[in-house]
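With mmCIF, C-alpha atoms inside, this is protein_12.cif:
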```cif
data_my_file
loop_
_atom_site.label_atom_id
_atom_site.label_comp_id
_atom_site.auth_asym_id
_atom_site.auth_seq_id
_atom_site.Cartn_x
_atom_site.Cartn_y
_atom_site.Cartn_z
CA MET A 262 -13.74 -23.84 -3.39
CA ALA A 263 -11.70 -26.68 -1.93
CA ALA A 264 -8.56 -25.69 -0.06
CA LYS A 265 -5.35 -26.10 -2.03
CA MET A 266 -2.78 -27.88 0.12
CA THR A 267 0.91 -28.61 -0.33
CA PRO A 268 3.03 -31.33 1.29
CA SER A 269 3.97 -28.81 3.99
CA GLY A 270 0.31 -28.55 4.95
CA LEU A 271 0.07 -24.82 4.20
CA GLU A 272 -3.24 -23.87 2.63
CA ASN A 273 -3.64 -21.29 -0.12
CA PRO A 274 -7.16 -19.93 0.44
CA LEU A 275 -7.02 -17.56 -2.55
CA GLY A 276 -9.14 -18.33 -5.59
CA PRO A 277 -9.69 -16.79 -9.04
CA GLY A 278 -12.59 -14.80 -7.64
CA LEU A 279 -10.05 -12.49 -5.99
CA PHE A 280 -8.70 -11.17 -9.28
CA ARG A 281 -12.13 -11.11 -10.91
CA PHE A 282 -13.44 -8.95 -8.08
CA LEU A 283 -10.45 -6.57 -8.16
CA LYS A 284 -10.74 -6.16 -11.95
CA ASP A 285 -14.46 -5.42 -11.62
CA LEU A 286 -13.78 -2.96 -8.80
CA LYS A 287 -11.23 -1.13 -10.94
CA ALA A 288 -13.84 -0.77 -13.68
CA ASN A 289 -16.57 0.30 -11.22
CA ASN A 290 -14.76 2.21 -8.48
CA GLU A 291 -17.73 3.91 -6.88
CA ARG A 292 -19.60 3.55 -3.62
CA ALA A 293 -22.92 2.31 -5.03
CA TRP A 294 -21.26 -0.52 -6.96
CA PHE A 295 -19.13 -1.56 -3.99
CA LEU A 296 -22.13 -1.68 -1.65
CA GLU A 297 -23.96 -3.89 -4.14
CA ASN A 298 -20.91 -6.17 -4.35
CA LYS A 299 -19.75 -6.04 -0.73
CA ALA A 300 -20.61 -9.71 -0.20
CA ARG A 301 -18.27 -10.56 -3.11
CA TYR A 302 -15.51 -8.48 -1.53
CA GLU A 303 -15.90 -10.30 1.78
CA ALA A 304 -16.14 -13.79 0.25
CA GLU A 305 -13.56 -13.47 -2.52
CA ALA A 306 -11.04 -10.96 -1.14
CA ARG A 307 -11.21 -10.15 2.56
CA GLU A 308 -11.89 -13.58 4.07
CA PRO A 309 -9.36 -15.48 1.89
CA MET A 310 -6.74 -12.82 2.62
CA LEU A 311 -7.35 -13.10 6.36
CA ARG A 312 -6.96 -16.89 6.15
CA LEU A 313 -3.73 -16.44 4.20
CA ILE A 314 -2.41 -14.09 6.90
CA ALA A 315 -3.22 -16.73 9.53
CA ALA A 316 -1.47 -19.43 7.47
CA PHE A 317 1.60 -17.21 7.13
CA SER A 318 2.10 -16.82 10.89
CA GLY A 319 4.16 -20.02 11.12
CA PRO A 320 6.53 -19.27 8.23
CA LEU A 321 6.92 -15.69 9.50
CA ALA A 322 7.86 -16.92 12.99
CA SER A 323 10.54 -19.10 11.43
CA LEU A 324 12.16 -15.94 10.04
CA SER A 325 11.92 -13.95 13.26
CA ARG A 326 9.65 -14.18 16.28
CA HIS A 327 9.54 -10.40 16.48
CA PHE A 328 7.12 -9.88 13.56
CA ILE A 329 3.35 -10.20 13.60
CA ALA A 330 0.89 -11.87 11.22
CA ASP A 331 -2.43 -10.72 12.70
CA PRO A 332 -5.57 -12.14 11.00
CA ARG A 333 -8.07 -9.93 12.80
CA PRO A 334 -10.48 -8.29 10.30
CA SER A 335 -9.99 -4.88 11.93
CA GLY A 336 -6.72 -3.58 13.35
CA GLY A 337 -4.72 -6.56 12.09
CA SER A 338 -2.24 -7.10 9.27
CA MET A 339 -4.68 -6.54 6.41
CA PHE A 340 -5.02 -3.01 5.10
CA ARG A 341 -8.47 -1.49 4.68
CA ILE A 342 -9.92 -1.44 1.16
CA TYR A 343 -11.03 2.17 1.64
CA ARG A 344 -8.76 4.92 0.29
CA ASP A 345 -8.01 8.10 2.22
CA THR A 346 -8.97 10.70 -0.38
CA ARG A 347 -8.79 13.81 1.80
CA PHE A 348 -5.59 15.14 0.26
CA ALA A 349 -5.56 13.10 -2.98
CA LYS A 350 -6.31 14.29 -6.49
CA ASP A 351 -7.68 10.81 -7.22
CA LYS A 352 -11.03 10.68 -5.43
CA THR A 353 -11.93 7.08 -6.25
CA PRO A 354 -13.03 5.60 -2.91
CA TYR A 355 -11.51 2.09 -3.01
CA LYS A 356 -8.11 0.52 -3.47
CA THR A 357 -7.95 -1.88 -6.40
CA HIS A 358 -5.59 -4.25 -4.59
CA VAL A 359 -5.53 -6.05 -1.26
CA ALA A 360 -2.46 -5.93 0.94
CA ALA A 361 -1.07 -6.93 4.31
CA HIS A 362 1.75 -5.64 6.48
CA PHE A 363 3.66 -7.79 8.95
CA PRO A 364 5.18 -5.28 11.38
CA HIS A 365 7.73 -5.55 14.16
CA ARG A 366 5.94 -6.28 17.42
CA THR A 367 7.79 -3.53 19.32
CA ALA A 368 5.43 -0.58 19.73
CA GLN A 369 8.24 1.91 19.11
CA ALA A 370 9.14 0.28 15.78
CA GLY A 371 6.96 2.67 13.76
CA GLY A 372 4.08 0.46 12.58
CA VAL A 373 3.71 0.58 8.80
CA HIS A 374 6.64 3.02 8.71
CA GLY A 375 8.93 0.69 10.64
CA PRO A 376 10.83 -2.43 9.52
CA GLY A 377 8.52 -5.14 8.32
CA PHE A 378 7.34 -7.48 5.59
CA TYR A 379 4.62 -6.73 3.06
CA LEU A 380 2.28 -8.58 0.68
CA HIS A 381 0.46 -6.87 -2.19
CA LEU A 382 -2.10 -8.65 -4.40
CA GLU A 383 -3.27 -6.98 -7.60
CA PRO A 384 -4.09 -8.36 -11.05
CA GLY A 385 -0.79 -8.34 -12.93
CA GLY A 386 1.05 -6.57 -10.11
CA SER A 387 1.40 -8.84 -7.06
CA PHE A 388 4.55 -8.91 -4.94
CA ALA A 389 5.96 -9.59 -1.47
CA GLY A 390 9.08 -8.42 0.31
CA GLY A 391 10.31 -6.35 3.18
CA GLY A 392 12.16 -3.29 4.35
CA LEU A 393 11.49 0.22 5.56
CA TRP A 394 9.03 2.58 3.85
CA HIS A 395 8.72 6.33 4.58
CA PRO A 396 10.44 6.16 8.00
CA ASP A 397 10.35 9.16 10.31
CA PRO A 398 13.40 11.49 10.22
CA ASP A 399 15.02 9.98 13.32
CA ALA A 400 14.75 6.42 12.00
CA LEU A 401 16.01 7.48 8.59
CA PHE A 402 19.04 9.16 10.15
CA LYS A 403 19.84 6.04 12.19
CA VAL A 404 19.73 3.81 9.10
CA ARG A 405 21.96 6.16 7.13
CA LYS A 406 24.33 6.32 10.08
CA ALA A 407 24.48 2.51 10.20
CA ILE A 408 25.21 2.32 6.46
CA ALA A 409 27.96 4.92 6.81
CA ALA A 410 29.47 3.13 9.82
CA LYS A 411 29.21 -0.40 8.37
CA PRO A 412 29.81 -0.11 4.63
CA ALA A 413 31.11 -3.68 4.38
CA ALA A 414 27.92 -5.13 5.87
CA TRP A 415 25.77 -2.95 3.62
CA LYS A 416 27.80 -3.83 0.52
CA ALA A 417 27.41 -7.51 1.40
CA LEU A 418 23.63 -7.07 1.09
CA ARG A 419 24.09 -5.53 -2.33
CA LYS A 420 26.50 -8.26 -3.44
CA SER A 421 24.05 -10.96 -2.32
CA GLY A 422 21.83 -9.94 -5.21
CA LEU A 423 19.23 -7.97 -3.29
CA GLU A 424 17.74 -5.15 -5.33
CA ILE A 425 17.20 -2.44 -2.72
CA GLU A 426 14.70 0.16 -3.87
CA GLY A 427 13.23 3.42 -2.61
CA ASP A 428 12.77 7.09 -3.29
CA ALA A 429 16.03 9.03 -3.11
CA LEU A 430 17.45 12.51 -2.68
CA LYS A 431 19.42 14.13 -5.49
CA ARG A 432 22.40 14.74 -3.18
CA VAL A 433 23.98 12.98 -0.21
CA PRO A 434 22.23 14.42 2.88
CA GLN A 435 23.96 16.98 5.05
CA GLY A 436 26.24 15.44 7.67
CA PHE A 437 27.35 12.52 5.47
CA ASP A 438 30.43 12.28 3.28
CA PRO A 439 29.50 12.75 -0.40
CA ASP A 440 32.53 10.60 -1.28
CA HIS A 441 31.48 7.72 1.00
CA PRO A 442 31.65 4.32 -0.80
CA CYS A 443 27.89 3.91 -0.15
CA ALA A 444 27.04 7.49 -1.11
CA GLU A 445 24.27 6.50 -3.54
CA ASP A 446 22.49 4.46 -0.87
CA LEU A 447 22.85 7.26 1.68
CA LYS A 448 20.55 9.25 -0.60
CA LEU A 449 17.73 6.71 -0.19
CA LYS A 450 14.62 7.73 1.74
CA ASP A 451 13.18 4.18 1.73
CA PHE A 452 14.91 0.80 1.90
CA TYR A 453 12.94 -2.17 0.60
CA THR A 454 13.18 -5.18 -1.69
CA SER A 455 10.45 -7.26 -3.32
CA THR A 456 9.71 -10.33 -5.41
CA GLY A 457 6.96 -10.20 -8.04
CA PHE A 458 4.34 -12.89 -8.66
CA THR A 459 2.22 -13.72 -11.70
CA ASN A 460 -1.52 -14.22 -11.23
CA ALA A 461 -0.94 -17.97 -11.69
CA GLN A 462 1.65 -18.02 -8.92
CA VAL A 463 -0.72 -16.23 -6.53
CA LEU A 464 -3.37 -18.89 -7.16
CA ALA A 465 -0.98 -21.86 -6.99
CA PRO A 466 -1.22 -24.31 -4.08
CA ASP A 467 2.25 -23.35 -2.79
CA PHE A 468 1.64 -19.58 -2.70
CA VAL A 469 2.10 -19.25 1.08
CA GLU A 470 5.49 -20.91 0.66
CA GLN A 471 6.31 -18.51 -2.18
CA VAL A 472 5.48 -15.55 0.08
CA ALA A 473 7.71 -17.07 2.76
CA ALA A 474 10.55 -17.45 0.24
CA ALA A 475 10.20 -13.79 -0.83
CA CYS A 476 10.29 -12.64 2.77
CA ARG A 477 13.24 -14.93 3.49
CA GLN A 478 15.10 -13.26 0.64
CA ALA A 479 14.30 -9.84 2.14
CA ALA A 480 15.20 -10.92 5.70
CA PRO A 481 18.90 -9.86 5.64
CA LEU A 482 17.84 -6.32 4.73
CA VAL A 483 15.15 -6.24 7.41
CA ALA A 484 17.66 -7.60 9.95
CA PHE A 485 20.14 -4.83 9.07
CA LEU A 486 17.40 -2.22 9.48
CA CYS A 487 16.30 -3.64 12.84
CA LYS A 488 19.86 -3.53 14.16
CA ALA A 489 20.26 0.05 12.92
CA LEU A 490 17.12 1.00 14.87
CA ASP A 491 18.06 -0.96 18.02
CA LEU A 492 15.18 -3.39 17.52
CA PRO A 493 15.52 -7.11 18.27
CA TRP A 494 15.78 -9.44 15.30
#
```
Starting from the file, lay out its structure as C-alpha cells.
Amino acid sequence: MAAKMTPSGLENPLGPGLFRFLKDLKANNERAWFLENKARYEAEAREPMLRLIAAFSGPLASLSRHFIADPRPSGGSMFRIYRDTRFAKDKTPYKTHVAAHFPHRTAQAGGVHGPGFYLHLEPGGSFAGGGLWHPDPDALFKVRKAIAAKPAAWKALRKSGLEIEGDALKRVPQGFDPDHPCAEDLKLKDFYTSTGFTNAQVLAPDFVEQVAAACRQAAPLVAFLCKALDLPW
C-alpha cells in the first residue's frame, strides 16, 4: 500500500489490514490460527506500528525531549501481542489490540508504570493520551502530596477541560485531609487522560498528527506528574 503523506511530511503507515487482522484474531484467538497467520500479523500490524512509532519520534520530541519513541521490534515502545495468562481467568493467548508506550527516558521513572504517553489501536476502541498508570506506592504518595500541596495548579488542569481518569479508593487515603478541596482526586490510584479515535481517523493520512495532538492535550498532566516525581520535563 502506498504511504499516506500529509503536508507536514509525516507518514501514516497503517492500512485497513490492521483492523481486519485484529478482528480475525479476536474470532480465532488460539495458537494454531495465529501461527498460520503470523505473516499477516507482521505485515499488517507489527511492521506498520513500528513505522508509526518511528514517525512519532519527532512530534514526541517537540513535546518533551525526555520521552522515548523506540521502534525496535523487541524491547522498544511496542507492546508484545502475547498475553501473560499465568494469573488470568481469561486464557486466550493473544491481545486483540496493538499498543505502544512512550516512557520517560530516566531509568528511575518506572517504565510502563511511570509518567508517559500511550497509543492503543483496536477496532472501535482506539485512543491515545498520557499520564500515570498503576504507579508504585512511593510514586503514588508523591503525586498525592503534590496535589495536596498545589491545589491551584491541579485545579487548573481540571478547569482546562482535561478529563483525568483512573481507579480510585472509596475514601481519602490516610495522611491526607478528607476535607481537602481536591479530596476526590486524592482518592485516585491512576492519573491519565485520553482522546478516542474512530477507525477512519486511525487510517487517515494525518493520523500521526492526531496522535501528537492527543499527547499535546495530555502534556500538562504528564508535566505535573513529572514535577511531582522529581523528573525533568
Report task. Please return, as a VMD selection string, all polymer residues that have at least one atom within 6 Å of the point (11.4, -5.5, 13.9); use all atoms listed in the file and the file's own coordinate frame. Result -> chain A and resid 327 365 376 487 492
**Report entry** Spatial neighbours of Val472 in chain A, max dist 10 Å, all atoms listed in the file, sep filter under 2 positions, as a ChimeraX atom specification
**Finding:** /A:317,320-321,378-380,388-390,456-458,463,467-470,474-478
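The coordinates place CA of Ala306 in chain A at 23.4 Å from CA of Phe328 in chain A.
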Query raised in the report: Excluding same-chain residues fewer than 2 positions from Val433 in chain A, what lies within 8 Å of it counting all atoms listed in the file, as a ChimeraX atom specification?
Result: /A:430-431,435,437-439,444-445,447-448
Report task. For Ile408 in chain A, list every protein, DNA or RNA residue within 10 Å, evaluated using only C-alpha atoms, and leave out those in the same chain fewer than 2 positions away; present the list as a ChimeraX atom specification. Result -> /A:402-406,410-416,441-444,446-447,485-486,489
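Of the residues listed (A:Pro481, A:Gly422, A:Gly392, A:Pro332), A:Pro332 shows the shortest atom-to-atom separation from Glu308 in chain A; distances use only C-alpha atoms.
Taking only C-alpha atoms, the non-local environment of Gly385 in chain A within 7 Å (same-chain residues fewer than 2 positions away omitted) comprises Glu383, Ser387, Thr459 and Asn460 of chain A.
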Query raised in the report: What does the distance between CA of Lys350 in chain A and CA of Lys284 in chain A come to in Å, to one decimal place?
Result: 21.6 Å
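When the PyMOL selection byres ((chain A and resi 342) around 7) is evaluated on the file shown here, the picked residues come out as A:Phe340, A:Arg341, A:Tyr343, A:Arg344, A:Tyr355, A:Lys356, A:Val359.
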Query raised in the report: From the set A:Ile314, A:Leu271, A:Ala300, A:Leu482, which residue has the shortest atom-to-atom contact distance to Asp451 in chain A, counting all atoms listed in the file?
Result: A:Leu482
Requested in this report: Carefully work through the PyMOL selection byres ((chain A and resi 290) around 12) for this structure and note down the residues it includes, as a PyMOL selection string.
Outcome: chain A and resi 282-289+291-298+342-344+351-358
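Take the PyMOL selection byres ((chain A and resi 337) around 12) and apply it to this file: it picks Met310, Leu311, Ile314, Ala315, Ile329, Ala330, Asp331, Pro332, Arg333, Pro334, Ser335, Gly336, Ser338, Met339, Phe340, Arg341, Ala360, Ala361, His362, Phe363, Pro364, Arg366, Gly372 and Val373 of chain A.
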Report summary line: A straight line from CA of Asn273 in chain A to CA of Gln471 in chain A spans 10.5 Å
Query raised in the report: For Ala480 in chain A, which residue among A:Ala407, A:Ala322, A:Leu275, A:Ala349 is the nearest when counting all atoms listed in the file?
Result: A:Ala322
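Of the residues under consideration (A:Phe348, A:Phe452, A:Trp394, A:Tyr302), A:Tyr302 shows the shortest atom-to-atom contact distance to Phe280 in chain A when counting only C-alpha atoms.
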